[in-house]
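Chemist: input08.pdb is reproduced in full below (PDB, N, CA and C atoms).
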MODEL        1
ATOM      1  N   MET V   1       0.846  -1.173   0.000  1.00  0.00           N
ATOM      2  CA  MET V   1       0.000   0.000   0.000  1.00  0.00           C
ATOM      3  C   MET V   1       0.894   1.241   0.000  1.00  0.00           C
ATOM      4  N   SER V   2       0.599   2.209  -0.855  1.00  0.00           N
ATOM      5  CA  SER V   2       1.439   3.400  -0.931  1.00  0.00           C
ATOM      6  C   SER V   2       1.133   4.363   0.210  1.00  0.00           C
ATOM      7  N   THR V   3       2.046   5.305   0.413  1.00  0.00           N
ATOM      8  CA  THR V   3       1.882   6.290   1.479  1.00  0.00           C
ATOM      9  C   THR V   3       0.610   7.096   1.280  1.00  0.00           C
ATOM     10  N   GLN V   4       0.307   7.478   0.044  1.00  0.00           N
ATOM     11  CA  GLN V   4      -0.893   8.270  -0.227  1.00  0.00           C
ATOM     12  C   GLN V   4      -2.152   7.511   0.175  1.00  0.00           C
ATOM     13  N   GLN V   5      -2.211   6.226  -0.085  1.00  0.00           N
ATOM     14  CA  GLN V   5      -3.390   5.438   0.269  1.00  0.00           C
ATOM     15  C   GLN V   5      -3.568   5.350   1.774  1.00  0.00           C
ATOM     16  N   THR V   6      -2.491   5.323   2.531  1.00  0.00           N
ATOM     17  CA  THR V   6      -2.624   5.225   3.973  1.00  0.00           C
ATOM     18  C   THR V   6      -2.940   6.575   4.604  1.00  0.00           C
ATOM     19  N   ARG V   7      -2.620   7.669   3.926  1.00  0.00           N
ATOM     20  CA  ARG V   7      -2.886   8.994   4.477  1.00  0.00           C
ATOM     21  C   ARG V   7      -4.331   9.406   4.300  1.00  0.00           C
ATOM     22  N   LEU V   8      -4.983   8.950   3.239  1.00  0.00           N
ATOM     23  CA  LEU V   8      -6.379   9.270   2.980  1.00  0.00           C
ATOM     24  C   LEU V   8      -7.201   7.991   2.991  1.00  0.00           C
ATOM     25  N   ARG V   9      -8.196   7.939   3.871  1.00  0.00           N
ATOM     26  CA  ARG V   9      -9.016   6.738   4.017  1.00  0.00           C
ATOM     27  C   ARG V   9     -10.367   6.941   3.339  1.00  0.00           C
ATOM     28  N   ALA V  10     -10.797   5.943   2.580  1.00  0.00           N
ATOM     29  CA  ALA V  10     -12.136   5.948   1.996  1.00  0.00           C
ATOM     30  C   ALA V  10     -13.145   5.671   3.109  1.00  0.00           C
ATOM     31  N   ILE V  11     -14.395   5.970   2.847  1.00  0.00           N
ATOM     32  CA  ILE V  11     -15.442   5.830   3.858  1.00  0.00           C
ATOM     33  C   ILE V  11     -15.490   4.414   4.457  1.00  0.00           C
ATOM     34  N   PRO V  12     -15.412   3.339   3.665  1.00  0.00           N
ATOM     35  CA  PRO V  12     -15.423   2.003   4.287  1.00  0.00           C
ATOM     36  C   PRO V  12     -14.275   1.799   5.275  1.00  0.00           C
ATOM     37  N   GLY V  13     -13.101   2.353   4.984  1.00  0.00           N
ATOM     38  CA  GLY V  13     -11.978   2.249   5.904  1.00  0.00           C
ATOM     39  C   GLY V  13     -12.215   3.030   7.184  1.00  0.00           C
ATOM     40  N   VAL V  14     -12.844   4.203   7.050  1.00  0.00           N
ATOM     41  CA  VAL V  14     -13.177   5.015   8.225  1.00  0.00           C
ATOM     42  C   VAL V  14     -14.198   4.279   9.083  1.00  0.00           C
ATOM     43  N   MET V  15     -15.167   3.660   8.436  1.00  0.00           N
ATOM     44  CA  MET V  15     -16.178   2.872   9.155  1.00  0.00           C
ATOM     45  C   MET V  15     -15.496   1.794   9.987  1.00  0.00           C
ATOM     46  N   GLU V  16     -14.533   1.128   9.391  1.00  0.00           N
ATOM     47  CA  GLU V  16     -13.810   0.061  10.087  1.00  0.00           C
ATOM     48  C   GLU V  16     -12.965   0.623  11.225  1.00  0.00           C
ATOM     49  N   ASP V  17     -12.247   1.719  10.958  1.00  0.00           N
ATOM     50  CA  ASP V  17     -11.384   2.323  11.978  1.00  0.00           C
ATOM     51  C   ASP V  17     -12.164   2.763  13.210  1.00  0.00           C
ATOM     52  N   LEU V  18     -13.355   3.340  12.988  1.00  0.00           N
ATOM     53  CA  LEU V  18     -14.142   3.878  14.096  1.00  0.00           C
ATOM     54  C   LEU V  18     -15.217   2.916  14.606  1.00  0.00           C
ATOM     55  N   SER V  19     -15.381   1.799  13.934  1.00  0.00           N
ATOM     56  CA  SER V  19     -16.414   0.808  14.294  1.00  0.00           C
ATOM     57  C   SER V  19     -17.806   1.429  14.330  1.00  0.00           C
ATOM     58  N   VAL V  20     -18.106   2.198  13.277  1.00  0.00           N
ATOM     59  CA  VAL V  20     -19.427   2.809  13.132  1.00  0.00           C
ATOM     60  C   VAL V  20     -19.925   2.570  11.715  1.00  0.00           C
ATOM     61  N   GLY V  21     -21.176   2.861  11.489  1.00  0.00           N
ATOM     62  CA  GLY V  21     -21.775   2.682  10.176  1.00  0.00           C
ATOM     63  C   GLY V  21     -21.546   3.861   9.246  1.00  0.00           C
ATOM     64  N   ARG V  22     -21.921   3.675   8.006  1.00  0.00           N
ATOM     65  CA  ARG V  22     -21.763   4.690   6.969  1.00  0.00           C
ATOM     66  C   ARG V  22     -22.485   5.987   7.319  1.00  0.00           C
ATOM     67  N   SER V  23     -23.711   5.875   7.807  1.00  0.00           N
ATOM     68  CA  SER V  23     -24.486   7.071   8.152  1.00  0.00           C
ATOM     69  C   SER V  23     -23.807   7.881   9.236  1.00  0.00           C
ATOM     70  N   LYS V  24     -23.237   7.209  10.224  1.00  0.00           N
ATOM     71  CA  LYS V  24     -22.558   7.897  11.322  1.00  0.00           C
ATOM     72  C   LYS V  24     -21.317   8.619  10.816  1.00  0.00           C
ATOM     73  N   VAL V  25     -20.578   8.009   9.905  1.00  0.00           N
ATOM     74  CA  VAL V  25     -19.391   8.656   9.342  1.00  0.00           C
ATOM     75  C   VAL V  25     -19.797   9.952   8.648  1.00  0.00           C
ATOM     76  N   PHE V  26     -20.840   9.904   7.818  1.00  0.00           N
ATOM     77  CA  PHE V  26     -21.273  11.105   7.119  1.00  0.00           C
ATOM     78  C   PHE V  26     -21.856  12.138   8.075  1.00  0.00           C
ATOM     79  N   GLU V  27     -22.483  11.691   9.144  1.00  0.00           N
ATOM     80  CA  GLU V  27     -22.994  12.606  10.178  1.00  0.00           C
ATOM     81  C   GLU V  27     -21.827  13.354  10.836  1.00  0.00           C
ATOM     82  N   LEU V  28     -20.758  12.638  11.150  1.00  0.00           N
ATOM     83  CA  LEU V  28     -19.574  13.251  11.754  1.00  0.00           C
ATOM     84  C   LEU V  28     -18.922  14.251  10.799  1.00  0.00           C
ATOM     85  N   ILE V  29     -18.895  13.922   9.524  1.00  0.00           N
ATOM     86  CA  ILE V  29     -18.322  14.820   8.519  1.00  0.00           C
ATOM     87  C   ILE V  29     -19.191  16.076   8.385  1.00  0.00           C
ATOM     88  N   GLU V  30     -20.498  15.889   8.267  1.00  0.00           N
ATOM     89  CA  GLU V  30     -21.427  17.019   8.113  1.00  0.00           C
ATOM     90  C   GLU V  30     -21.386  17.963   9.308  1.00  0.00           C
ATOM     91  N   SER V  31     -21.234  17.416  10.511  1.00  0.00           N
ATOM     92  CA  SER V  31     -21.226  18.235  11.724  1.00  0.00           C
ATOM     93  C   SER V  31     -19.883  18.930  11.935  1.00  0.00           C
ATOM     94  N   GLY V  32     -18.861  18.537  11.163  1.00  0.00           N
ATOM     95  CA  GLY V  32     -17.541  19.130  11.309  1.00  0.00           C
ATOM     96  C   GLY V  32     -16.684  18.441  12.358  1.00  0.00           C
ATOM     97  N   GLU V  33     -17.197  17.386  12.962  1.00  0.00           N
ATOM     98  CA  GLU V  33     -16.426  16.658  13.975  1.00  0.00           C
ATOM     99  C   GLU V  33     -15.293  15.847  13.353  1.00  0.00           C
ATOM    100  N   LEU V  34     -15.452  15.491  12.083  1.00  0.00           N
ATOM    101  CA  LEU V  34     -14.453  14.689  11.376  1.00  0.00           C
ATOM    102  C   LEU V  34     -14.144  15.396  10.057  1.00  0.00           C
ATOM    103  N   ARG V  35     -12.879  15.818   9.908  1.00  0.00           N
ATOM    104  CA  ARG V  35     -12.464  16.502   8.676  1.00  0.00           C
ATOM    105  C   ARG V  35     -12.425  15.529   7.504  1.00  0.00           C
ATOM    106  N   SER V  36     -12.699  16.054   6.322  1.00  0.00           N
ATOM    107  CA  SER V  36     -12.618  15.228   5.120  1.00  0.00           C
ATOM    108  C   SER V  36     -12.249  16.103   3.936  1.00  0.00           C
ATOM    109  N   VAL V  37     -11.855  15.444   2.860  1.00  0.00           N
ATOM    110  CA  VAL V  37     -11.561  16.124   1.602  1.00  0.00           C
ATOM    111  C   VAL V  37     -12.329  15.415   0.502  1.00  0.00           C
ATOM    112  N   LYS V  38     -12.545  16.142  -0.584  1.00  0.00           N
ATOM    113  CA  LYS V  38     -13.231  15.540  -1.715  1.00  0.00           C
ATOM    114  C   LYS V  38     -12.287  15.578  -2.906  1.00  0.00           C
ATOM    115  N   ILE V  39     -12.087  14.437  -3.518  1.00  0.00           N
ATOM    116  CA  ILE V  39     -11.271  14.322  -4.718  1.00  0.00           C
ATOM    117  C   ILE V  39     -12.171  13.719  -5.784  1.00  0.00           C
ATOM    118  N   GLY V  40     -12.510  14.523  -6.777  1.00  0.00           N
ATOM    119  CA  GLY V  40     -13.493  14.082  -7.763  1.00  0.00           C
ATOM    120  C   GLY V  40     -14.819  13.875  -7.061  1.00  0.00           C
ATOM    121  N   ARG V  41     -15.359  12.694  -7.180  1.00  0.00           N
ATOM    122  CA  ARG V  41     -16.622  12.369  -6.509  1.00  0.00           C
ATOM    123  C   ARG V  41     -16.420  11.635  -5.194  1.00  0.00           C
ATOM    124  N   ARG V  42     -15.167  11.338  -4.877  1.00  0.00           N
ATOM    125  CA  ARG V  42     -14.871  10.549  -3.665  1.00  0.00           C
ATOM    126  C   ARG V  42     -14.665  11.437  -2.453  1.00  0.00           C
ATOM    127  N   ARG V  43     -15.237  11.045  -1.346  1.00  0.00           N
ATOM    128  CA  ARG V  43     -15.034  11.710  -0.056  1.00  0.00           C
ATOM    129  C   ARG V  43     -14.012  10.885   0.708  1.00  0.00           C
ATOM    130  N   LEU V  44     -12.899  11.503   1.105  1.00  0.00           N
ATOM    131  CA  LEU V  44     -11.825  10.808   1.799  1.00  0.00           C
ATOM    132  C   LEU V  44     -11.525  11.510   3.113  1.00  0.00           C
ATOM    133  N   VAL V  45     -11.084  10.746   4.082  1.00  0.00           N
ATOM    134  CA  VAL V  45     -10.786  11.280   5.408  1.00  0.00           C
ATOM    135  C   VAL V  45      -9.303  11.072   5.682  1.00  0.00           C
ATOM    136  N   PRO V  46      -8.588  12.166   5.985  1.00  0.00           N
ATOM    137  CA  PRO V  46      -7.171  12.005   6.323  1.00  0.00           C
ATOM    138  C   PRO V  46      -7.012  11.160   7.587  1.00  0.00           C
ATOM    139  N   SER V  47      -5.994  10.311   7.608  1.00  0.00           N
ATOM    140  CA  SER V  47      -5.767   9.470   8.784  1.00  0.00           C
ATOM    141  C   SER V  47      -5.502  10.330  10.016  1.00  0.00           C
ATOM    142  N   THR V  48      -4.936  11.524   9.822  1.00  0.00           N
ATOM    143  CA  THR V  48      -4.711  12.426  10.954  1.00  0.00           C
ATOM    144  C   THR V  48      -6.034  12.902  11.539  1.00  0.00           C
ATOM    145  N   ALA V  49      -7.047  13.087  10.695  1.00  0.00           N
ATOM    146  CA  ALA V  49      -8.362  13.514  11.185  1.00  0.00           C
ATOM    147  C   ALA V  49      -9.002  12.426  12.037  1.00  0.00           C
ATOM    148  N   ILE V  50      -8.791  11.175  11.646  1.00  0.00           N
ATOM    149  CA  ILE V  50      -9.327  10.056  12.430  1.00  0.00           C
ATOM    150  C   ILE V  50      -8.646  10.011  13.792  1.00  0.00           C
ATOM    151  N   ALA V  51      -7.316  10.163  13.803  1.00  0.00           N
ATOM    152  CA  ALA V  51      -6.565  10.138  15.062  1.00  0.00           C
ATOM    153  C   ALA V  51      -6.982  11.301  15.961  1.00  0.00           C
ATOM    154  N   GLU V  52      -7.165  12.491  15.380  1.00  0.00           N
ATOM    155  CA  GLU V  52      -7.593  13.658  16.158  1.00  0.00           C
ATOM    156  C   GLU V  52      -8.978  13.442  16.757  1.00  0.00           C
ATOM    157  N   TYR V  53      -9.874  12.864  15.984  1.00  0.00           N
ATOM    158  CA  TYR V  53     -11.228  12.604  16.462  1.00  0.00           C
ATOM    159  C   TYR V  53     -11.200  11.635  17.648  1.00  0.00           C
ATOM    160  N   ILE V  54     -10.407  10.579  17.535  1.00  0.00           N
ATOM    161  CA  ILE V  54     -10.301   9.593  18.617  1.00  0.00           C
ATOM    162  C   ILE V  54      -9.696  10.245  19.864  1.00  0.00           C
ATOM    163  N   GLU V  55      -8.650  11.055  19.680  1.00  0.00           N
ATOM    164  CA  GLU V  55      -8.040  11.752  20.818  1.00  0.00           C
ATOM    165  C   GLU V  55      -9.043  12.671  21.505  1.00  0.00           C
ATOM    166  N   ARG V  56      -9.846  13.378  20.714  1.00  0.00           N
ATOM    167  CA  ARG V  56     -10.859  14.270  21.268  1.00  0.00           C
ATOM    168  C   ARG V  56     -11.889  13.491  22.067  1.00  0.00           C
ATOM    169  N   LEU V  57     -12.316  12.356  21.542  1.00  0.00           N
ATOM    170  CA  LEU V  57     -13.259  11.510  22.271  1.00  0.00           C
ATOM    171  C   LEU V  57     -12.672  11.049  23.600  1.00  0.00           C
ATOM    172  N   GLU V  58     -11.418  10.614  23.565  1.00  0.00           N
ATOM    173  CA  GLU V  58     -10.761  10.126  24.779  1.00  0.00           C
ATOM    174  C   GLU V  58     -10.634  11.247  25.811  1.00  0.00           C
ATOM    175  N   SER V  59     -10.266  12.434  25.376  1.00  0.00           N
ATOM    176  CA  SER V  59     -10.076  13.538  26.334  1.00  0.00           C
ATOM    177  C   SER V  59     -11.410  13.980  26.925  1.00  0.00           C
ATOM    178  N   GLU V  60     -12.487  13.894  26.153  1.00  0.00           N
ATOM    179  CA  GLU V  60     -13.809  14.270  26.654  1.00  0.00           C
ATOM    180  C   GLU V  60     -14.369  13.210  27.616  1.00  0.00           C
ATOM    181  N   GLN V  61     -14.107  11.951  27.323  1.00  0.00           N
ATOM    182  CA  GLN V  61     -14.708  10.872  28.080  1.00  0.00           C
ATOM    183  C   GLN V  61     -13.815  10.325  29.178  1.00  0.00           C
ATOM    184  N   CYS V  62     -12.532  10.579  29.102  1.00  0.00           N
ATOM    185  CA  CYS V  62     -11.593  10.075  30.110  1.00  0.00           C
ATOM    186  C   CYS V  62     -10.740  11.230  30.612  1.00  0.00           C
ATOM    187  N   PRO V  63     -11.337  12.113  31.430  1.00  0.00           N
ATOM    188  CA  PRO V  63     -10.549  13.252  31.922  1.00  0.00           C
ATOM    189  C   PRO V  63      -9.368  12.792  32.760  1.00  0.00           C
ATOM    190  N   LYS V  64      -8.282  13.536  32.646  1.00  0.00           N
ATOM    191  CA  LYS V  64      -7.083  13.185  33.404  1.00  0.00           C
ATOM    192  C   LYS V  64      -7.300  13.528  34.874  1.00  0.00           C
ATOM    193  N   VAL V  65      -6.815  12.648  35.723  1.00  0.00           N
ATOM    194  CA  VAL V  65      -6.959  12.809  37.161  1.00  0.00           C
ATOM    195  C   VAL V  65      -5.750  13.565  37.692  1.00  0.00           C
ATOM    196  N   SER V  66      -5.988  14.641  38.412  1.00  0.00           N
ATOM    197  CA  SER V  66      -4.888  15.408  39.019  1.00  0.00           C
ATOM    198  C   SER V  66      -4.512  14.781  40.352  1.00  0.00           C
ATOM    199  N   ALA V  67      -3.233  14.702  40.608  1.00  0.00           N
ATOM    200  CA  ALA V  67      -2.753  14.093  41.863  1.00  0.00           C
ATOM    201  C   ALA V  67      -2.595  15.132  42.939  1.00  0.00           C
TER     202      ALA V  67
ENDMDL
END
If you convert what's in this file into structure tokens, what do you get?
Modeler:
Amino acid sequence: MSTQQTRLRAIPGVMEDLSVGRSKVFELIESGELRSVKIGRRRLVPSTAIAEYIERLESEQCPKVSA
């Protein structure tokens, strides 16, 4: 797999990465929670956007405990 293919994920790959359905992926894109780009007719999600989304979820749901 080339570097370009791993940097931009197609919707089925995003579905697999996030363990959600197609509708949820498009809902996240429409709401601005998940960045995406359009190349021709294809909607692609940068792998960095997926990582950022997961980090945001973790920080919201698992607050750090102060000692």
Chemist: Enumerate, as a list in words, the protein, DNA and RNA residues whose atoms approach (-17.5, 7.1, 1.7) to within 7 Å, taking into account all atoms listed in the file and the coordinate frame of the file.
Modeler: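 Collected hits near the coordinates: Ala10, Ile11, Pro12, Arg42, Arg43 and Leu44 of chain V.
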Chemist: Could you work out how far atom C of V:Ile39 lies from atom CA of V:Arg56, giving the answer in Å with one decimal?
Modeler: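 Interatomic distance here is 27.1 Å.
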Chemist: Could you list, as a PDB file with N, CA and C atoms, in the frame of the given file, every residue within 6 Å of V:Arg7, counting only N, CA and C atoms and ignoring same-chain residues fewer than 4 positions away?
Modeler:
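Final output, saved to around_13.pdb:
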ATOM      1  N   THR V   3       2.046   5.305   0.413  1.00  0.00           N
ATOM      2  CA  THR V   3       1.882   6.290   1.479  1.00  0.00           C
ATOM      3  C   THR V   3       0.610   7.096   1.280  1.00  0.00           C
ATOM      4  N   VAL V  45     -11.084  10.746   4.082  1.00  0.00           N
ATOM      5  CA  VAL V  45     -10.786  11.280   5.408  1.00  0.00           C
ATOM      6  C   VAL V  45      -9.303  11.072   5.682  1.00  0.00           C
ATOM      7  N   PRO V  46      -8.588  12.166   5.985  1.00  0.00           N
ATOM      8  CA  PRO V  46      -7.171  12.005   6.323  1.00  0.00           C
ATOM      9  C   PRO V  46      -7.012  11.160   7.587  1.00  0.00           C
ATOM     10  N   SER V  47      -5.994  10.311   7.608  1.00  0.00           N
ATOM     11  CA  SER V  47      -5.767   9.470   8.784  1.00  0.00           C
ATOM     12  C   SER V  47      -5.502  10.330  10.016  1.00  0.00           C
ATOM     13  N   THR V  48      -4.936  11.524   9.822  1.00  0.00           N
ATOM     14  CA  THR V  48      -4.711  12.426  10.954  1.00  0.00           C
ATOM     15  C   THR V  48      -6.034  12.902  11.539  1.00  0.00           C
TER      16      THR V  48
END
Chemist: Which residue gives the smallest distance to V:Ala49 among V:Ser36, V:Gln61, V:Ser23, V:Ser31, with all atoms listed in the file counted?
Modeler: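 That would be V:Ser36, the residue with the smallest distance to V:Ala49.
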Chemist: Where in chain V does DSSP assign helix (DSSP H, G or I), given as a PyMOL selection string?
Modeler: chain V and resi 3-7+11-18+22-31+47-61
Chemist: Apply DSSP to the backbone of this structure and, from chain V, keep only the residues in strand (DSSP E); write these as a compact mmCIF listing (two decimals) with N, CA and C atoms, keeping the file's coordinate frame.
Modeler:
# COMPACT_ATOMS: atom_id res chain seq x y z
N LEU V 8 -4.98 8.95 3.24
CA LEU V 8 -6.38 9.27 2.98
C LEU V 8 -7.20 7.99 2.99
N ARG V 9 -8.20 7.94 3.87
CA ARG V 9 -9.02 6.74 4.02
C ARG V 9 -10.37 6.94 3.34
N ALA V 10 -10.80 5.94 2.58
CA ALA V 10 -12.14 5.95 2.00
C ALA V 10 -13.14 5.67 3.11
N VAL V 37 -11.86 15.44 2.86
CA VAL V 37 -11.56 16.12 1.60
C VAL V 37 -12.33 15.42 0.50
N LYS V 38 -12.54 16.14 -0.58
CA LYS V 38 -13.23 15.54 -1.72
C LYS V 38 -12.29 15.58 -2.91
N ILE V 39 -12.09 14.44 -3.52
CA ILE V 39 -11.27 14.32 -4.72
C ILE V 39 -12.17 13.72 -5.78
N ARG V 42 -15.17 11.34 -4.88
CA ARG V 42 -14.87 10.55 -3.66
C ARG V 42 -14.66 11.44 -2.45
N ARG V 43 -15.24 11.04 -1.35
CA ARG V 43 -15.03 11.71 -0.06
C ARG V 43 -14.01 10.88 0.71
N LEU V 44 -12.90 11.50 1.10
CA LEU V 44 -11.82 10.81 1.80
C LEU V 44 -11.52 11.51 3.11
N VAL V 45 -11.08 10.75 4.08
CA VAL V 45 -10.79 11.28 5.41
C VAL V 45 -9.30 11.07 5.68
N PRO V 46 -8.59 12.17 5.98
CA PRO V 46 -7.17 12.00 6.32
C PRO V 46 -7.01 11.16 7.59
